[in-house]
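Comments concern the structure below.
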Amino acid sequence: MLHISDLHFCAAEARGHYWNTEATELAVAPHNRRGLVGSLLYDLRHEGLAPDLVVVSGDLLDRGSETGVEPVVTFLRALAEGLGLPVTRIVIAPGNHDVLRDGDPASRYALYDRIRGGVYGDARPPFVEGTPPHQRVDHHVFEELGVEVVAFNSCEELEASARKDHGSVGVGQRDHADGMLRRTREKNLFRIAVVHHHLESPVGIGRTDYSVMTDAGGMRRWLARERFHLALHGHQHVDWHDVRELDGWFLAIAAAASAGVAEYGRKEWALPIAYQILVVEGPTRGRRIRREYDPQTMEWADAGRGEDTQALRFGPADAAVSSGPAREDKPPPPEEPAPPSLTRKGRIAVKIQHLERAIDSHRTTLRVQLVSLGAAVVLGIALAAYLFRMLPPVLSVSGGFALLFAGSIGLPMRLAAYREAIDKLHFLKDGYHRCASHRDDELVRVLDERFHRLI
C-alpha cells in the first residue's frame with residue numbers, strides 16, 4: 001500500500017500546497033518540476049515498489065479551499081493511471097480541512113463529495129443527499145487482494161457544540177460500520193481502518209501539541225475486537241507507528257507525514273514532506289518503508305530519525321511473530337515466538353523493576369538529606385556554644401536558635417515532597433502488579449502515561 005496524507009491542495013498561486021509554492025520560491029523553472037504525482041511515480045519506479053492499493057487519509061484540501069477540488073481529483077486519477085490501478089484501488093477519507101465548518105450544516109461535506117465523485121465517477125455510488133456524518137463510511141472490499149478497508153469519518157466531535165478539531169468516530173459510526181463488516185466476516189479478509197485524526201499521541205517525536213481523537217481509546221478497542229490488523233491516519237504531519245496489544249490482538253497503527261502541506265504546516269516542528277509504503281508479508285507480519293523529500297536534490301530518500309524500514313506485527317498476540325525480510329525480495333525467515341521482552345507481562349515486569357529502583361533511589365536521597373541536616377544541627381549547636389563564650393547569653397542563645405531554624409525550615413517541604421513522590425510510585429507499582437495478574441488494558445494505558453511522566 002502507498003499511504004499518503006495531508007495533501008492540502010489549493011489554488012496554484014496560494015501558499016497552502018508545497019508543490020505549488022515551494023518550487024516557485026526556489027525559482028525552479030516549470031520544465032524542471034516533476035510535481036507531486038510525477039515525483040511519487042518516479043521514486044516508486046526507482047525503488048522497485050509497485051503498490052496494489054493507495055490510501056489517502058484526509059486533508060485533501062487546504063483550509064476548505066474550493067480551488068483545490070479540481071487539482072486533487074486530477075492528482076488522484078493521474079496517480080492511479082501512473083500506477084496502472086483502477087480508481088477503485090484508491091481509498092480516501094475526509095480530514096478536518098475538507099469540511100466546511102461555517103454556513104449551512106447540510107453542505108458541510110459538499111467539497112469532499114465533489115472530490116469523491118470526481119475520483120470514483122460511477123465506480124462508487126455517491127452518498128445520498130442528507131446522509132448524516134456518522135454514516136459517511138466507505139467500505140472497500142478487494143477480494144482479489146484478500147483485503148478490506150473501512151474509511152471512517154473522524155471529522156465530527158462527540159459533543160455537537162465542540163469546535164476543538166480533535167475529531168472522533170463515535171458509537172453510531174462504529175455500529176454502522178459493523179453492519180457493513182457482517183457481510184464479509186466469513187471471508188476472513190485482512191482488515192484496514194483509515195481515519196484522519198490521531199488514535200494516540202506518538203512517543204519520541206518532537207512535536208508536543210497532539211490532538212488525539214476524543215474517543216481514541218474506545219476506537220482502538222473496537223478495532224481490536226473487530227480484528228482489524230492495521231489502522232492508518234494522518235492529521236498532524238508526523239511519521240510514526242506503534243503496535244498495540246489489546247485483548248490478545250496486535251493492532252498496528254501507522255501515521256503518515258504530510259505529502260503536500262506548505263511550510264506553515266511543517267516549520268515549527270521541522271517536519272519533512274514524506275510518504276510511506278506498508279507491505280503485508282503474511283497474517284502476522286509486515287514492514288513499513290519510509291521516504292522523505294529533499295527539496296535541494298529534488299529527490300526522495302530513505303527517511304531519517306529512525307530506521308527507514310521498520311517491522312510491523314499484527315493479528316493474534318499468541319501467533320508467531322518475526323520481523324520479516326529486508327527491502328530485497330527474500331524468502332521470509334521461519335517464524336518464532338516473540339521474545340519475553342515483547343510480551344505484555346514482560347513489559348509490565350520491566351516497569352515494576354524501574355519503579356522499585358526509583359523507590360529505593362528516593363529513600364536513599366532522603367537518608368542523605370537527613371544525615372546532612374543532622375550534621376547541620378550539630379554544627380549549629382557547636383557554633384551556639386562558641387558564641388555563648390563570645391557574646392552575651394541572650395544574643396548567643398537567639399543566634400543558635402536562628403541557625404537551627406534556618407537549617408531545618410526546609411525539612412517539612414522535603415518530607416512532603418518525598419511522601420508525595422513515594423505515594424505516586426507505590427500507586428503505579430501496585431497498579432502494574434494488579435495488571436500482571438488481571439488483564440486490564442485501559443488501566444495499563446493510564447499507568448503507562450503516568451509512568452512516562454514520572455520515570
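Just so we're on the same page: first chain in the C-alpha cells is A, next is B, and so on; residues restart at 1 for each chain, and ligands are numbered from 1 in the order they show up.
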Selection near A:Gly95, 12 Å with only C-alpha atoms, sequence-local residues under 3 positions removed, as a ChimeraX atom specification: /A:5-8,56-64,92,98-101,109,111-112,151-156,165-168,194-198,233-236
Stretch 282-297 of chain A surroundings by only C-alpha atoms, 8 Å radius, close-in-sequence under 4 positions cut, as a PyMOL selection string: chain A and resi 190+272-278+301-304+308-316+319-324
Two-atom distance - atom CA of A:Ser65, atom CA of A:Ile4 (Å):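 That distance, rounded to one decimal, is 19.4 Å.
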Using only C-alpha atoms: which of A:Lys187, A:Leu366, A:Leu443, A:Ile192 has the shortest distance to A:Arg419: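 Of A:Lys187, A:Leu366, A:Leu443, A:Ile192, the one nearest A:Arg419, counting only C-alpha atoms, is A:Leu366.
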Distance query A:Val238 at most 10 Å, only C-alpha atoms, self and fewer than 4 positions along chain excluded, as a ChimeraX atom specification: /A:202,205-207,233-234,254-258,266,269,271-274
Write out the residues from the selection above, keeping C-alpha atoms, as a short mmCIF file (atom, residue, chain, number, x, y, z; two decimals), in the first residue's frame.
data_model
loop_
_atom_site.label_atom_id
_atom_site.label_comp_id
_atom_site.auth_asym_id
_atom_site.auth_seq_id
_atom_site.Cartn_x
_atom_site.Cartn_y
_atom_site.Cartn_z
CA PRO A 202 3.29 9.46 19.32
CA ILE A 205 8.57 12.68 18.42
CA GLY A 206 9.50 16.34 18.94
CA ARG A 207 6.02 17.68 18.38
CA HIS A 233 -4.08 8.05 9.80
CA GLY A 234 -2.52 11.47 9.23
CA ALA A 254 0.85 3.87 11.30
CA ALA A 255 0.75 7.64 10.80
CA ALA A 256 1.92 9.33 7.62
CA ALA A 257 3.63 12.71 7.46
CA SER A 258 2.24 15.33 5.11
CA ARG A 266 5.86 22.00 8.98
CA TRP A 269 8.42 21.22 14.32
CA LEU A 271 8.56 18.12 9.82
CA PRO A 272 9.53 16.78 6.38
CA ILE A 273 7.43 16.10 3.31
CA ALA A 274 7.08 12.31 3.28
#
Shortest interatomic distance to A:Leu199 - which of A:Glu186, A:Asp242, A:Glu143, A:Glu66, counting only C-alpha atoms: A:Asp242
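You will find atom CA of A:Gly248 at 22.1 Å from atom CA of A:Ala177.
When atom CA of A:Phe228 is paired with atom CA of A:His140, their separation reads 13.8 Å.
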Residues flagged alpha helix (DSSP H) by DSSP in stretch 3-190 of chain A, as a PyMOL selection string: chain A and resi 18-25+35-47+69-83+110-120+170-181
Backbone-only DSSP, strand (DSSP E) members of stretch 102-180 of chain A, as a PyMOL selection string: chain A and resi 138-142+147-151
Please, could you write that set of residues out with N, CA, C and O atoms as an mmCIF file, in the first residue's frame?
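And here's part28.cif as it stands now:
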data_model
loop_
_atom_site.group_PDB
_atom_site.id
_atom_site.type_symbol
_atom_site.label_atom_id
_atom_site.label_comp_id
_atom_site.auth_asym_id
_atom_site.auth_seq_id
_atom_site.Cartn_x
_atom_site.Cartn_y
_atom_site.Cartn_z
ATOM 1 N N ASP A 138 -17.002 4.586 3.958
ATOM 2 C CA ASP A 138 -16.759 3.829 2.726
ATOM 3 C C ASP A 138 -16.145 2.477 3.069
ATOM 4 O O ASP A 138 -15.102 2.421 3.731
ATOM 5 N N HIS A 139 -16.791 1.414 2.615
ATOM 6 C CA HIS A 139 -16.295 0.055 2.838
ATOM 7 C C HIS A 139 -15.802 -0.493 1.501
ATOM 8 O O HIS A 139 -16.588 -0.708 0.578
ATOM 9 N N HIS A 140 -14.492 -0.683 1.399
ATOM 10 C CA HIS A 140 -13.878 -1.181 0.165
ATOM 11 C C HIS A 140 -13.494 -2.639 0.369
ATOM 12 O O HIS A 140 -12.758 -2.967 1.305
ATOM 13 N N VAL A 141 -13.963 -3.505 -0.493
ATOM 14 C CA VAL A 141 -13.644 -4.937 -0.415
ATOM 15 C C VAL A 141 -12.837 -5.317 -1.648
ATOM 16 O O VAL A 141 -13.300 -5.163 -2.779
ATOM 17 N N PHE A 142 -11.631 -5.805 -1.430
ATOM 18 C CA PHE A 142 -10.751 -6.236 -2.511
ATOM 19 C C PHE A 142 -10.466 -7.731 -2.313
ATOM 20 O O PHE A 142 -9.419 -8.112 -1.782
ATOM 21 N N VAL A 147 -8.176 -8.338 1.043
ATOM 22 C CA VAL A 147 -8.129 -7.154 1.901
ATOM 23 C C VAL A 147 -9.481 -6.448 1.885
ATOM 24 O O VAL A 147 -10.166 -6.426 0.850
ATOM 25 N N GLU A 148 -9.866 -5.890 3.012
ATOM 26 C CA GLU A 148 -10.982 -4.952 3.051
ATOM 27 C C GLU A 148 -10.557 -3.727 3.848
ATOM 28 O O GLU A 148 -9.804 -3.827 4.823
ATOM 29 N N VAL A 149 -11.024 -2.555 3.408
ATOM 30 C CA VAL A 149 -10.635 -1.288 4.015
ATOM 31 C C VAL A 149 -11.897 -0.520 4.377
ATOM 32 O O VAL A 149 -12.807 -0.393 3.553
ATOM 33 N N VAL A 150 -11.931 -0.001 5.590
ATOM 34 C CA VAL A 150 -13.040 0.858 6.016
ATOM 35 C C VAL A 150 -12.486 2.267 6.206
ATOM 36 O O VAL A 150 -11.576 2.478 7.019
ATOM 37 N N ALA A 151 -13.016 3.216 5.424
ATOM 38 C CA ALA A 151 -12.614 4.615 5.533
ATOM 39 C C ALA A 151 -13.645 5.340 6.390
ATOM 40 O O ALA A 151 -14.805 5.497 5.988
#
10 Å contact set for A:Gly16, only C-alpha atoms, chain neighbours under 3 positions out, as a list in words: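 After dropping sequence-adjacent residues, the list is Leu7, His8, Phe9, Cys10, Ala11, Ala12, Glu13, Trp19, Asn20, Thr21, Glu22, Leu61, Asp62, Arg63, Ser65, Gly68, Gly260, Val261, Ala262, Glu263, Tyr264 and Gly265 of chain A.
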Write out the residues from the selection above, keeping N, CA and C atoms, as a short mmCIF file (atom, residue, chain, number, x, y, z; two decimals), in the first residue's frame.
data_model
loop_
_atom_site.label_atom_id
_atom_site.label_comp_id
_atom_site.auth_asym_id
_atom_site.auth_seq_id
_atom_site.Cartn_x
_atom_site.Cartn_y
_atom_site.Cartn_z
N LEU A 7 -2.53 16.34 1.90
CA LEU A 7 -2.05 16.88 0.64
C LEU A 7 -2.23 18.40 0.57
N HIS A 8 -3.32 18.93 1.13
CA HIS A 8 -3.55 20.37 1.23
C HIS A 8 -3.54 21.07 -0.13
N PHE A 9 -4.28 20.53 -1.08
CA PHE A 9 -4.37 21.17 -2.40
C PHE A 9 -5.16 22.47 -2.31
N CYS A 10 -4.75 23.43 -3.12
CA CYS A 10 -5.44 24.72 -3.21
C CYS A 10 -5.06 25.36 -4.54
N ALA A 11 -5.39 26.63 -4.73
CA ALA A 11 -5.08 27.30 -5.98
C ALA A 11 -3.58 27.34 -6.22
N ALA A 12 -3.19 27.36 -7.48
CA ALA A 12 -1.77 27.32 -7.84
C ALA A 12 -1.01 28.50 -7.25
N GLU A 13 -1.68 29.67 -7.10
CA GLU A 13 -0.98 30.85 -6.59
C GLU A 13 -1.04 30.94 -5.06
N TRP A 19 3.77 21.78 -3.29
CA TRP A 19 4.20 21.59 -4.67
C TRP A 19 3.81 22.76 -5.57
N ASN A 20 2.99 23.69 -5.05
CA ASN A 20 2.76 24.96 -5.74
C ASN A 20 3.83 25.97 -5.35
N THR A 21 3.94 26.22 -4.05
CA THR A 21 4.67 27.39 -3.58
C THR A 21 6.16 27.16 -3.42
N GLU A 22 6.56 26.01 -2.90
CA GLU A 22 7.98 25.84 -2.62
C GLU A 22 8.80 25.86 -3.91
N LEU A 61 -7.76 18.93 0.84
CA LEU A 61 -7.79 20.36 0.57
C LEU A 61 -7.05 21.12 1.67
N ASP A 62 -6.73 22.38 1.38
CA ASP A 62 -6.12 23.24 2.38
C ASP A 62 -7.17 24.24 2.87
N ARG A 63 -7.54 24.13 4.13
CA ARG A 63 -8.47 25.04 4.78
C ARG A 63 -9.77 25.22 3.98
N SER A 65 -10.48 24.96 0.85
CA SER A 65 -10.37 25.77 -0.37
C SER A 65 -11.02 25.07 -1.55
N GLY A 68 -9.00 23.87 -4.59
CA GLY A 68 -8.20 22.64 -4.57
C GLY A 68 -8.93 21.42 -5.06
N GLY A 260 2.13 17.10 1.26
CA GLY A 260 1.89 18.28 0.45
C GLY A 260 1.76 19.60 1.16
N VAL A 261 1.67 19.65 2.49
CA VAL A 261 1.41 20.94 3.13
C VAL A 261 2.63 21.86 3.00
N ALA A 262 2.36 23.16 2.81
CA ALA A 262 3.44 24.12 2.67
C ALA A 262 4.13 24.35 4.00
N GLU A 263 5.08 25.27 3.99
CA GLU A 263 5.95 25.45 5.15
C GLU A 263 5.18 25.79 6.42
N TYR A 264 4.04 26.46 6.30
CA TYR A 264 3.31 26.87 7.51
C TYR A 264 2.91 25.66 8.36
N GLY A 265 2.73 24.50 7.75
CA GLY A 265 2.32 23.31 8.48
C GLY A 265 3.47 22.41 8.89
#
Selection: 10 Å around A:Arg185, only C-alpha atoms, excl. self and same-chain fewer than 5 positions, as a list in words: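 Selected residues are Asp178, Met180, Glu226 and Arg227 of chain A.
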Residue among A:Leu223, A:Val28, A:Leu53, A:Leu428 lying closest to A:Gln353, counting only C-alpha atoms: A:Leu428
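Around A:Asp113, within 12 Å and counting only C-alpha atoms, the residues found are Leu60, Glu66, Val69, Val73, Ile92, Ala93, Pro94, Asp98, Val99, Leu100, Ser107, Val119, Tyr120, Gly121, Arg124, Pro125, Pro126, Phe127, Val128, Glu129, Gly130, Thr131 and Arg136 of chain A, once anything fewer than 6 positions away on its own chain is removed.
Across A:Phe250, A:Thr208, A:His17, A:Pro30, the tightest approach to A:Glu268 is made by A:Thr208 when counting only C-alpha atoms.
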Nearest-residue call for A:Arg244, choices A:Arg45, A:Arg445, A:Arg183, A:His426, using only C-alpha atoms: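 For A:Arg244, the nearest of the given residues is A:Arg445.
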Residue nearest A:Leu36 among A:Ile115, A:Ile359, A:Leu79, A:Leu181 (counting only C-alpha atoms):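 The shortest atom-to-atom distance to A:Leu36 comes from A:Leu79.
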